[in-house]
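structure.txt (compact mmCIF, C-alpha atoms)
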# COMPACT_ATOMS: atom_id res chain seq x y z
CA MET A 111 -69.19 -1.37 27.60
CA SER A 112 -70.68 0.18 24.52
CA MET A 113 -68.73 3.36 25.18
CA SER A 114 -65.47 1.36 25.33
CA MET A 115 -66.24 -0.44 22.12
CA SER A 116 -67.08 2.84 20.46
CA ASN A 117 -63.77 4.37 21.45
CA GLU A 118 -61.85 1.30 20.26
CA SER A 119 -63.64 1.35 16.92
CA SER A 120 -62.87 5.03 16.57
CA TRP A 121 -59.14 4.41 17.25
CA ILE A 122 -58.98 1.57 14.74
CA ALA A 123 -60.57 3.73 12.10
CA VAL A 124 -57.93 6.43 12.26
CA LYS A 125 -54.86 4.15 12.65
CA PRO A 126 -52.70 4.61 9.50
CA GLU A 127 -51.60 1.66 7.44
CA PRO A 128 -47.88 0.65 7.64
CA ASP A 129 -47.18 1.83 4.07
CA GLU A 130 -48.75 5.18 4.86
CA MET A 131 -46.63 5.54 8.00
CA ILE A 132 -43.40 4.93 6.06
CA SER A 133 -44.50 7.36 3.36
CA ASN A 134 -45.20 10.07 5.92
CA LEU A 135 -41.83 9.49 7.59
CA ILE A 136 -39.87 9.78 4.35
CA SER A 137 -41.80 12.85 3.22
CA GLY A 138 -40.74 14.55 6.44
CA LEU A 139 -37.04 14.20 5.61
CA ASP A 140 -35.28 16.54 3.24
CA ASN A 141 -32.63 15.53 0.74
CA THR A 142 -29.83 16.83 2.93
CA THR A 143 -30.78 14.48 5.75
CA LEU A 144 -30.88 11.51 3.40
CA ASN A 145 -27.51 12.36 1.84
CA ASP A 146 -25.89 12.65 5.26
CA THR A 147 -26.18 8.87 5.67
CA SER A 148 -23.46 8.40 3.03
CA THR A 149 -20.25 6.80 4.28
CA ASP A 150 -18.33 9.78 2.88
CA MET A 151 -19.83 11.89 5.68
CA ALA A 152 -18.25 9.78 8.44
CA VAL A 153 -15.80 11.81 10.51
CA LYS A 154 -12.46 11.26 12.25
CA GLY A 155 -9.99 13.47 14.01
CA CYS A 156 -6.63 14.41 12.49
CA VAL A 157 -3.72 13.87 14.91
CA VAL A 158 -1.78 16.82 13.44
CA CYS A 159 -4.30 19.67 13.25
CA GLY A 160 -6.75 18.17 15.75
CA ASP A 161 -9.79 18.96 13.59
CA MET A 162 -12.67 16.57 12.98
CA LYS A 163 -12.87 15.93 9.24
CA THR A 164 -14.95 13.81 6.89
CA LYS A 165 -13.78 10.69 5.09
CA ILE A 166 -13.19 12.50 1.79
CA GLN A 167 -10.66 14.74 3.55
CA PHE A 168 -8.40 11.74 4.24
CA SER A 169 -6.53 9.51 1.81
CA ARG A 170 -7.67 5.89 1.80
CA ASN A 171 -4.44 4.82 3.50
CA GLN A 172 -4.75 7.39 6.30
CA TRP A 173 -8.47 6.73 6.81
CA THR A 174 -7.90 3.01 7.47
CA LYS A 175 -5.21 3.70 10.09
CA GLY A 176 -5.98 3.86 13.78
CA ALA A 177 -7.57 6.94 15.29
CA ASP A 178 -4.30 7.86 17.02
CA VAL A 179 -2.18 8.02 13.86
CA ASN A 180 -4.30 9.15 10.88
CA LYS A 181 -3.56 12.47 9.19
CA CYS A 182 -5.79 14.48 6.86
CA ILE A 183 -4.79 15.29 3.28
CA ASP A 184 -3.92 18.90 4.10
CA CYS A 185 -1.57 17.91 6.91
CA VAL A 186 0.11 15.20 4.83
CA ASP A 187 0.74 17.69 2.01
CA ALA A 188 2.03 20.29 4.48
CA ASN A 189 4.47 17.77 5.95
CA VAL A 190 5.86 16.30 2.74
CA ASN A 191 9.34 17.03 4.08
CA GLU A 192 8.77 15.06 7.29
CA SER A 193 11.36 12.54 8.41
CA TYR A 194 9.28 9.40 7.77
CA ASP A 195 10.38 8.05 11.18
CA ASP A 196 14.06 8.49 10.29
CA PRO A 197 16.08 11.54 11.40
CA ASN A 198 18.45 11.04 8.46
CA PHE A 199 15.69 11.06 5.85
CA PRO A 200 16.78 14.32 4.08
CA GLU A 201 20.25 12.85 3.54
CA LEU A 202 18.99 9.40 2.61
CA ILE A 203 16.60 10.50 -0.13
CA GLY A 204 19.52 11.44 -2.32
CA SER A 205 20.96 7.91 -2.07
CA VAL A 206 17.75 6.17 -3.19
CA ALA A 207 17.13 6.33 -6.92
CA GLY A 208 13.84 8.04 -7.72
CA LEU A 209 13.19 9.14 -4.12
CA THR A 210 13.18 12.94 -4.20
CA LEU A 211 11.06 15.62 -2.57
CA GLY A 212 9.55 16.41 -5.98
CA ASN A 213 8.56 12.78 -6.49
CA LEU A 214 7.10 12.60 -3.00
CA LYS A 215 4.93 15.63 -3.70
CA ALA A 216 3.81 14.13 -7.02
CA HIS A 217 3.06 10.83 -5.26
CA ASN A 218 0.88 12.57 -2.65
CA GLN A 219 -0.96 14.57 -5.31
CA ILE A 220 -1.79 11.42 -7.29
CA THR A 221 -2.72 9.42 -4.19
CA ASN A 222 -5.02 12.15 -2.92
CA THR A 223 -6.59 13.01 -6.29
CA THR A 224 -10.06 11.92 -5.22
CA GLY A 225 -9.46 12.34 -1.51
CA ASN A 226 -10.00 8.62 -1.14
CA GLY A 227 -6.75 7.08 -2.35
CA GLY A 228 -7.69 7.34 -6.02
CA GLY A 229 -5.52 8.11 -8.99
CA HIS A 230 -3.10 6.01 -11.01
CA GLN A 231 0.64 5.88 -10.60
CA PRO A 232 3.37 3.56 -11.90
CA MET A 233 4.37 0.67 -9.67
CA GLU A 234 7.65 -1.24 -9.66
CA ARG A 235 8.99 -4.36 -7.99
CA ARG A 236 11.83 -3.60 -5.56
CA GLN A 237 13.95 -5.61 -3.13
CA PHE A 238 14.17 -4.79 0.58
CA ASN A 239 16.38 -6.03 3.42
CA CYS A 240 15.11 -5.56 6.96
CA PRO A 241 17.90 -4.73 9.44
CA ALA A 242 15.60 -4.99 12.49
CA CYS A 243 14.51 -8.63 12.08
CA PRO A 244 17.90 -10.15 13.02
CA GLN A 245 18.13 -7.81 16.02
CA HIS A 246 14.80 -9.12 17.35
CA GLY A 247 15.53 -12.80 16.77
CA ARG A 248 13.45 -13.16 13.59
CA GLY A 249 16.45 -13.96 11.41
CA ALA A 250 17.53 -12.31 8.17
CA PHE A 251 14.60 -11.22 6.08
CA VAL A 252 14.93 -10.14 2.44
CA PHE A 253 11.83 -9.72 0.32
CA PHE A 254 10.47 -8.22 -2.89
CA LYS A 255 7.48 -5.90 -2.91
CA LYS A 256 5.60 -3.82 -5.48
CA VAL A 257 5.77 -0.17 -4.43
CA PRO A 258 4.95 3.21 -6.03
CA ALA A 259 7.80 4.20 -8.32
CA MET A 260 7.85 7.75 -6.94
CA LYS A 261 7.86 6.65 -3.29
CA PRO A 262 9.54 3.22 -2.96
CA LEU A 263 9.16 2.89 0.81
CA VAL A 264 7.59 -0.02 2.66
CA LYS A 265 7.31 -1.49 6.16
CA CYS A 266 8.73 -4.93 6.84
CA PRO A 267 5.76 -7.37 7.05
CA LYS A 268 7.30 -9.25 9.99
CA CYS A 269 8.08 -6.10 11.98
CA LYS A 270 4.66 -4.69 11.12
CA ARG A 271 2.91 -7.73 12.58
CA ALA A 272 5.12 -7.80 15.66
CA SER A 273 4.78 -4.07 16.42
CA GLN A 274 1.19 -3.61 15.16
CA GLY A 275 2.35 -1.24 12.45
CA ARG A 276 4.62 0.90 14.62
CA CYS A 277 7.88 0.29 12.78
CA LYS A 278 10.16 2.21 10.47
CA ARG A 279 9.80 2.25 6.71
CA LEU A 280 12.53 0.58 4.69
CA TYR A 281 14.43 2.04 1.79
CA PRO A 282 14.88 -0.28 -1.21
CA ILE A 283 18.14 -1.87 -2.23
CA ALA A 284 19.62 -0.09 -5.24
CA LYS A 285 18.30 -1.67 -8.43
CA GLY A 286 21.76 -2.61 -9.67
CA SER A 287 22.61 -4.33 -6.37
CA GLU A 288 19.57 -6.59 -6.04
CA LYS A 289 20.60 -10.23 -5.54
CA GLY A 290 18.94 -13.62 -5.31
CA TYR A 291 17.88 -16.50 -7.52
CA GLY A 292 17.78 -15.19 -11.08
CA LEU A 293 16.30 -16.41 -14.33
CA TYR A 294 18.18 -15.82 -17.57
CA LYS A 295 17.22 -16.09 -21.22
CA CYS A 296 19.64 -15.51 -24.05
CA GLY A 297 18.15 -13.48 -26.86
CA LYS A 298 20.61 -14.96 -29.34
CA CYS A 299 20.43 -18.74 -28.88
CA ARG A 300 17.25 -18.75 -26.77
CA ASP A 301 18.97 -20.73 -24.02
CA PHE A 302 17.28 -20.55 -20.62
CA TRP A 303 18.80 -21.12 -17.17
CA GLY A 304 18.66 -20.14 -13.51
CA SER A 305 21.29 -19.18 -10.97
CA ARG A 306 21.17 -18.63 -7.21
CA ARG A 307 24.03 -16.14 -7.43
CA ALA A 308 22.35 -13.66 -9.69
CA VAL A 309 22.92 -9.90 -9.43
CA ALA A 310 20.59 -7.53 -11.24
CA ASN A 311 23.12 -5.59 -13.33
CA ILE A 312 25.78 -8.28 -13.71
CA GLY A 313 25.55 -10.66 -16.63
CA GLN A 314 26.44 -14.34 -16.81
CA GLU A 315 28.06 -15.96 -19.81
CA CYS A 316 25.70 -17.91 -22.03
CA HIS A 317 27.02 -21.46 -22.37
CA GLY A 318 24.50 -22.19 -25.12
CA CYS A 319 26.16 -19.68 -27.42
CA LYS A 320 29.58 -21.00 -26.47
CA GLN A 321 28.73 -24.67 -27.10
CA ASN A 322 26.28 -24.42 -30.00
CA LEU A 323 27.40 -21.30 -31.84
CA GLY A 324 31.05 -21.24 -30.90
CA GLU A 325 30.73 -17.73 -29.53
CA SER A 326 32.21 -16.98 -26.13
CA GLY A 327 31.77 -13.91 -24.01
CA VAL A 328 28.01 -13.49 -24.65
CA MET A 329 26.77 -11.98 -21.38
CA VAL A 330 23.12 -12.09 -20.28
CA THR A 331 21.56 -10.24 -17.34
CA PRO A 332 18.67 -11.79 -15.37
CA PHE A 333 15.14 -10.89 -16.43
CA TRP A 334 13.66 -12.00 -13.08
CA LEU A 335 14.98 -12.12 -9.52
CA GLU A 336 13.53 -13.91 -6.50
CA VAL A 337 14.75 -14.40 -2.93
CA PHE A 338 16.90 -17.51 -2.77
CA LYS A 339 15.64 -19.95 -0.11
CA PRO A 340 17.92 -22.93 0.55
CA LYS A 341 16.27 -26.31 0.97
CA GLY A 342 15.32 -27.16 4.52
CA THR A 343 14.82 -23.56 5.66
CA GLY A 344 11.08 -24.03 5.84
CA GLY A 345 10.14 -20.96 3.90
Can you dump the structure from the file as C-alpha cells?
Amino acid sequence: MSMSMSNESSWIAVKPEPDEMISNLISGLDNTTLNDTSTDMAVKGCVVCGDMKTKIQFSRNQWTKGADVNKCIDCVDANVNESYDDPNFPELIGSVAGLTLGNLKAHNQITNTTGNGGGHQPMERRQFNCPACPQHGRGAFVFFKKVPAMKPLVKCPKCKRASQGRCKRLYPIAKGSEKGYGLYKCGKCRDFWGSRRAVANIGQECHGCKQNLGESGVMVTPFWLEVFKPKGTGG
C-alpha cells in the first residue's frame, strides 16, 4: 500500500500544469506551421488545368463557385477569348457597346489584382431582357442590374435560381434602346414628371415650358429609368 501511494505521489509531482503543457505545445511548432492555418492556404482543384491550387490563386468569384466549375486565375486569363456559353460570342461582342476583348482583359486584370477579387472598376446600371424566361413559363422578365462597365454581362436571377447557376449570361440592351417608366426633369423650368413610355435617348416635350414660358419644342430625356409594372401584376 505504501509502495502504491509512493508511486502515485511521484506521478503527481511530475505532472505538468495546464499552462505549461500549452506552452510546450506551442514552442514545438514553427512559424510555418502556424501560418498554414490561414484561410488563404485552403486548396481547390481547377477544372481546366486540373491542378490543386490555393485560395489566392482563384478570384473571389471563382473560389465561391462549386468544385465542378471553378477556374484558377491563370486559366481564366488564358481563356479570355472563350465563348461565355454562347457560340456566337465573338460576333456578338462587337454589337454590345463597351464589350471588347481588350475590355475583357482589363476587367480580368482588375478583378484578379489581389487574387481574391480585389481591385476597383467602374460600375454602371444596365437593362437586360431574358429570352429564356417566357420559354420556360416564367413570363417576360426585364430587369436593371449594376454590372462592371468593361464586362456588362449577367445571369438572369430567375433562370439562375431555377437552374442552380447553370444558365447563359445575358447581353445588355443597348443604352439608347432602354425602355420603361422614366423620370424627367426640365433644366429650364424645373418641371418634373414621369412617363411609362420612356426611352433612354428619346426626349419628351416639356409642357411646363410650353404653358408657363410660352416655349414649345423643349425636349427632355429621362434621367432615371425603371421597369414598368402595371397594377395588379403582383410584382
Worksheet item: How many Å lie between atom CA of A:Val337 and atom CA of A:Val252, rounded to one decimal?
Response: 6.9 Å
Give me the residues of stretch 268-290 of chain A that have any atom at most 6 Å from an atom of stretch 294-318 of chain A; for each, the nearest atom pair and the distance in Å, rounded to one decimal. Use only C-alpha atoms, sort by chain and number, and format it as a tab-separated table.
residue	atom	partner	partner_atom	distance
A:Gly286	CA	A:Asn311	CA	4.9
A:Glu288	CA	A:Ala310	CA	5.4
A:Lys289	CA	A:Val309	CA	4.5
A:Gly290	CA	A:Ala308	CA	5.6
Item to complete: Select, from A:Leu323, A:Val158, A:Cys185, A:Cys277, the residue with the minimum atom-to-atom distance to A:Lys265, counting all atoms listed in the file.
Response: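 The closest residue to A:Lys265 is A:Cys277.
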Close residues, A:Cys240 itself excluded, 7 Å, all atoms listed in the file, min 3 positions apart in chain, as a PDB file with C-alpha atoms, in the coordinates of the input:
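Okay, selection_19.pdb is ready:
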ATOM      1  CA  CYS A 243      14.510  -8.630  12.080  1.00  0.00           C
ATOM      2  CA  PHE A 251      14.600 -11.220   6.080  1.00  0.00           C
ATOM      3  CA  VAL A 252      14.930 -10.140   2.440  1.00  0.00           C
ATOM      4  CA  CYS A 266       8.730  -4.930   6.840  1.00  0.00           C
TER       5      CYS A 266
END
Discussion item. Which residues are close to A:Gly155, i.e. within 9 Å by all atoms listed in the file, leaving aside same-chain residues fewer than 2 positions away? Reply as a PyMOL selection string.
Written reply: chain A and resi 153+157-164+177-178+180-182
Item to complete: Figure out the distance between atom CA of A:Lys256 and atom CA of A:Met233, please, to one decimal in Å.
Response: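 Separating atom CA of A:Met233 from atom CA of A:Lys256 is a distance of 6.3 Å.
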Practice prompt. May I ask for the distance between atom CA of A:Val264 and atom CA of A:Phe168, given in Å to one decimal place?
Written response: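 Between these atoms lies a distance of 19.9 Å.
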Discussion item. Considering all atoms listed in the file, can you say which of A:Pro282, A:Gly327, A:Pro267, A:Pro258 comes closest to A:Ala242?
Written reply: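 Nearest candidate to A:Ala242 out of A:Pro282, A:Gly327, A:Pro267, A:Pro258: A:Pro267.
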Worksheet entry | Nearest candidate to A:Arg235 (options A:Ile166, A:Tyr291, A:Lys285, A:Cys269; using only C-alpha atoms) |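 Among the listed residues, A:Lys285 lies closest to A:Arg235.
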Practice prompt. Find the residues near A:Arg236: any atom within 8 Å, counting all atoms listed in the file, skip ones fewer than 2 places away on the same chain, and give them as a list in words.
Written response: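 Everything that qualifies: Glu234, Phe238, Phe254, Lys255, Lys256, Val257, Pro262, Pro282, Ile283 and Lys285 of chain A.
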